Amino acid sequence: MALLPILHYPDPRLRTHAEPVATVDAPVRQLIDDLLETMYAAPGIGLSATQVNVHKRVIVVDTSEQRNEPHAFVNPVIERADGFQEREEGCLSVPGFFETVKRADHIRVAALGRDGRPFELEAEGLLAVCIQHERDHLDGKLFVDYLSRLKRQRIKSKLKKQGAARSNGQR
Ligand code: NI
């Protein structure tokens with residue numbers, strides 16, 4: 001397993017539209033394991049392949065308190081979405097910023113699991129938000145896209161400054 005570097009907004013690679021996975025083979029299972037390890041280490045409750053610059057339709061989430069309920073979704077499709085909820089969201093690619101986003105309250109997602117088998121999951125509350133958030137990443141969409149232009153610009157300029165400081169070795 002390996003910890004993977006996470007891209008930070010406004011890195012243009014976060015805007016990439018990810019490709020469907022044809023077969024859940026050993027490299028895909030390795031990617032899932034690395035995503036989970038990277039997510040737990042961050043720590044975070046979800047991570048998409050897009051965020052580690054791998055443009056395949058793979059996401060992982062774990063919203064459990066004990067951090068022992070990993071879910072992996074390959075080629076996730078949200079088949080149903082009902083109701084709405086507003087919740088404060090953050091993102092490992094937008095470090096340090098938390099904003100309220102409106103999303104569906106209840107979803108049904110279909111995907112392939114780590115074993116390559118198709119499954120469906122009904123989710124609500126935090127888990128539903130997390131799946132919708134990670135699923136968005138695969139289409140190059142970030143939670144900041146739901147905010148006002150002003151808020152997004154403010155976050156972008158702050159993160160750009162931090163990114164410049166990092167590349168000057170002030171990590
Ligand atoms: Ni995110």
# chains A, B, ... in the order shown; residues from 1 in each chain; ligands from 1
$ residues_near_ligand --ligand "ligand 1" --cutoff "9 Å" --atoms "only C-alpha atoms and all ligand atoms" --output "JSON, numbers by chain"
{"A": [46, 47, 48, 51, 89, 90, 91, 92, 93, 94, 130, 133, 134, 136, 137, 141, 142, 143]}
$ write_last_selection --atoms "N, CA, C and O atoms" --output "compact mmCIF listing (two decimals), in the first residue's frame"
# COMPACT_ATOMS: atom_id res chain seq x y z
N GLY A 46 -13.74 10.61 2.79
CA GLY A 46 -13.95 10.18 1.41
C GLY A 46 -12.79 10.64 0.55
O GLY A 46 -12.10 11.61 0.89
N LEU A 47 -12.57 9.92 -0.53
CA LEU A 47 -11.51 10.29 -1.47
C LEU A 47 -11.84 9.70 -2.83
O LEU A 47 -12.36 8.58 -2.92
N SER A 48 -11.54 10.46 -3.88
CA SER A 48 -11.76 9.98 -5.25
C SER A 48 -10.41 9.80 -5.94
O SER A 48 -9.43 10.46 -5.58
N GLN A 51 -8.62 12.91 -7.23
CA GLN A 51 -7.83 13.74 -6.31
C GLN A 51 -6.38 13.30 -6.18
O GLN A 51 -5.54 14.05 -5.70
N GLU A 89 -19.45 21.05 4.41
CA GLU A 89 -18.54 20.12 3.74
C GLU A 89 -17.13 20.69 3.68
O GLU A 89 -16.93 21.89 3.63
N GLY A 90 -16.21 19.76 3.68
CA GLY A 90 -14.82 20.09 3.42
C GLY A 90 -14.32 19.13 2.36
O GLY A 90 -15.08 18.28 1.88
N CYS A 91 -13.06 19.25 2.00
CA CYS A 91 -12.51 18.40 0.94
C CYS A 91 -11.00 18.34 1.12
O CYS A 91 -10.38 19.38 1.38
N LEU A 92 -10.42 17.16 0.98
CA LEU A 92 -8.96 17.05 1.13
C LEU A 92 -8.23 17.83 0.05
O LEU A 92 -7.06 18.16 0.22
N SER A 93 -8.92 18.17 -1.03
CA SER A 93 -8.31 18.99 -2.09
C SER A 93 -8.53 20.48 -1.88
O SER A 93 -8.03 21.29 -2.66
N VAL A 94 -9.30 20.83 -0.84
CA VAL A 94 -9.56 22.24 -0.52
C VAL A 94 -9.28 22.42 0.98
O VAL A 94 -10.18 22.71 1.76
N CYS A 130 -21.47 12.32 1.40
CA CYS A 130 -20.09 11.95 1.08
C CYS A 130 -20.02 11.26 -0.29
O CYS A 130 -19.14 11.58 -1.10
N HIS A 133 -20.55 13.89 -2.98
CA HIS A 133 -19.35 14.75 -3.06
C HIS A 133 -18.23 14.04 -3.84
O HIS A 133 -17.64 14.62 -4.76
N GLU A 134 -17.97 12.78 -3.48
CA GLU A 134 -16.88 12.04 -4.15
C GLU A 134 -17.23 11.74 -5.60
O GLU A 134 -16.37 11.81 -6.49
N ASP A 136 -19.02 13.52 -7.55
CA ASP A 136 -18.81 14.77 -8.29
C ASP A 136 -17.36 14.90 -8.78
O ASP A 136 -17.11 15.38 -9.89
N HIS A 137 -16.41 14.51 -7.91
CA HIS A 137 -14.99 14.63 -8.29
C HIS A 137 -14.70 13.93 -9.62
O HIS A 137 -13.87 14.38 -10.40
N LYS A 141 -15.88 17.98 -10.67
CA LYS A 141 -16.64 18.98 -9.92
C LYS A 141 -16.24 18.97 -8.45
O LYS A 141 -16.04 17.91 -7.86
N LEU A 142 -16.14 20.16 -7.87
CA LEU A 142 -15.74 20.32 -6.47
C LEU A 142 -16.85 20.99 -5.68
O LEU A 142 -17.68 21.70 -6.25
N PHE A 143 -16.82 20.82 -4.35
CA PHE A 143 -17.90 21.42 -3.55
C PHE A 143 -17.90 22.94 -3.66
O PHE A 143 -18.95 23.57 -3.52
$ select_by_dssp --residues "segment 70-163 of chain A" --states "alpha helix (DSSP H)" --output "ChimeraX atom specification"
/A:125-137,149-163
$ residues_around --residues "Glu65 of chain A" --least-positions-apart "2" --cutoff "12 Å" --atoms "only C-alpha atoms" --output "list in words"
Gly44, Ile45, Asp62, Thr63, Arg67, Asn68, Glu69, Pro70, Leu126 and Leu127 of chain A
$ write_last_selection --atoms "C-alpha atoms" --output "mmCIF file, in the first residue's frame"
data_model
loop_
_atom_site.group_PDB
_atom_site.id
_atom_site.type_symbol
_atom_site.label_atom_id
_atom_site.label_comp_id
_atom_site.auth_asym_id
_atom_site.auth_seq_id
_atom_site.Cartn_x
_atom_site.Cartn_y
_atom_site.Cartn_z
ATOM 1 C CA GLY A 44 -10.754 12.222 5.649
ATOM 2 C CA ILE A 45 -14.130 10.517 5.197
ATOM 3 C CA ASP A 62 -15.938 5.753 5.400
ATOM 4 C CA THR A 63 -18.254 7.918 7.485
ATOM 5 C CA ARG A 67 -13.382 4.339 10.928
ATOM 6 C CA ASN A 68 -13.916 0.653 10.220
ATOM 7 C CA GLU A 69 -16.580 0.660 7.481
ATOM 8 C CA PRO A 70 -14.713 1.271 4.234
ATOM 9 C CA LEU A 126 -23.675 12.115 6.000
ATOM 10 C CA LEU A 127 -22.979 8.966 3.972
#
$ residues_around --residues "segment 146-153 of chain A" --least-positions-apart "5" --cutoff "10 Å" --atoms "only C-alpha atoms" --output "VMD selection string"
chain A and resid 99 to 103 141 158 to 159
$ write_last_selection --atoms "N, CA and C atoms" --output "PDB file, in the first residue's frame"
ATOM      1  N   GLU A  99     -17.729  24.746   4.075  1.00  0.00           N
ATOM      2  CA  GLU A  99     -18.876  25.570   3.686  1.00  0.00           C
ATOM      3  C   GLU A  99     -20.115  24.685   3.579  1.00  0.00           C
ATOM      4  N   THR A 100     -21.276  25.303   3.785  1.00  0.00           N
ATOM      5  CA  THR A 100     -22.539  24.565   3.724  1.00  0.00           C
ATOM      6  C   THR A 100     -22.972  24.380   2.274  1.00  0.00           C
ATOM      7  N   VAL A 101     -23.310  23.138   1.946  1.00  0.00           N
ATOM      8  CA  VAL A 101     -23.745  22.777   0.599  1.00  0.00           C
ATOM      9  C   VAL A 101     -25.087  22.044   0.703  1.00  0.00           C
ATOM     10  N   LYS A 102     -25.961  22.305  -0.274  1.00  0.00           N
ATOM     11  CA  LYS A 102     -27.263  21.645  -0.319  1.00  0.00           C
ATOM     12  C   LYS A 102     -27.181  20.443  -1.265  1.00  0.00           C
ATOM     13  N   ARG A 103     -27.592  19.280  -0.757  1.00  0.00           N
ATOM     14  CA  ARG A 103     -27.560  18.062  -1.579  1.00  0.00           C
ATOM     15  C   ARG A 103     -28.774  17.207  -1.277  1.00  0.00           C
ATOM     16  N   LYS A 141     -15.877  17.982 -10.675  1.00  0.00           N
ATOM     17  CA  LYS A 141     -16.642  18.981  -9.921  1.00  0.00           C
ATOM     18  C   LYS A 141     -16.237  18.971  -8.449  1.00  0.00           C
ATOM     19  N   LYS A 158      -6.649  32.236  -1.697  1.00  0.00           N
ATOM     20  CA  LYS A 158      -5.914  31.818  -0.492  1.00  0.00           C
ATOM     21  C   LYS A 158      -5.118  30.545  -0.747  1.00  0.00           C
ATOM     22  N   LEU A 159      -5.740  29.586  -1.421  1.00  0.00           N
ATOM     23  CA  LEU A 159      -5.049  28.318  -1.669  1.00  0.00           C
ATOM     24  C   LEU A 159      -3.913  28.497  -2.672  1.00  0.00           C
TER      25      LEU A 159
END
$ residues_around --residues "Glu120 of chain A" --least-positions-apart "3" --cutoff "12 Å" --atoms "only C-alpha atoms" --output "list in words"
His71, Ala72, Phe73, Val74, Asn75, Pro76, Val77, Ile78, Glu79, Arg80, Ile107, Arg108, Val109, Ala110, Ala111, Leu112, Gly113, Arg117 and Ala123 of chain A
$ atom_distance --atom1 "atom CA of Ala22 of chain A" --atom2 "atom CA of His8 of chain A"
27.6 Å
$ atom_distance --atom1 "atom CA of Leu3 of chain A" --atom2 "atom CA of Leu35 of chain A"
7.7 Å
$ select_by_dssp --residues "chain A" --states "strand (DSSP E or B)" --output "PyMOL selection string"
chain A and resi 19+46-48+56+58-61+71-82+85-89+99-103+106-112+118-124
$ closest_residue --among "A:Ala42, A:Ala81, A:Ala104, A:Leu138" --to "Pro20 of chain A" --atoms "only C-alpha atoms"
A:Leu138
$ closest_residue --among "A:Tyr9, A:Phe84, A:Tyr40, A:Phe119" --to "Lys161 of chain A" --atoms "only C-alpha atoms"
A:Tyr9
$ closest_residue --among "A:Arg29, A:His106, A:Arg87, A:His55" --to "Leu121 of chain A" --atoms "only C-alpha atoms"
A:His106
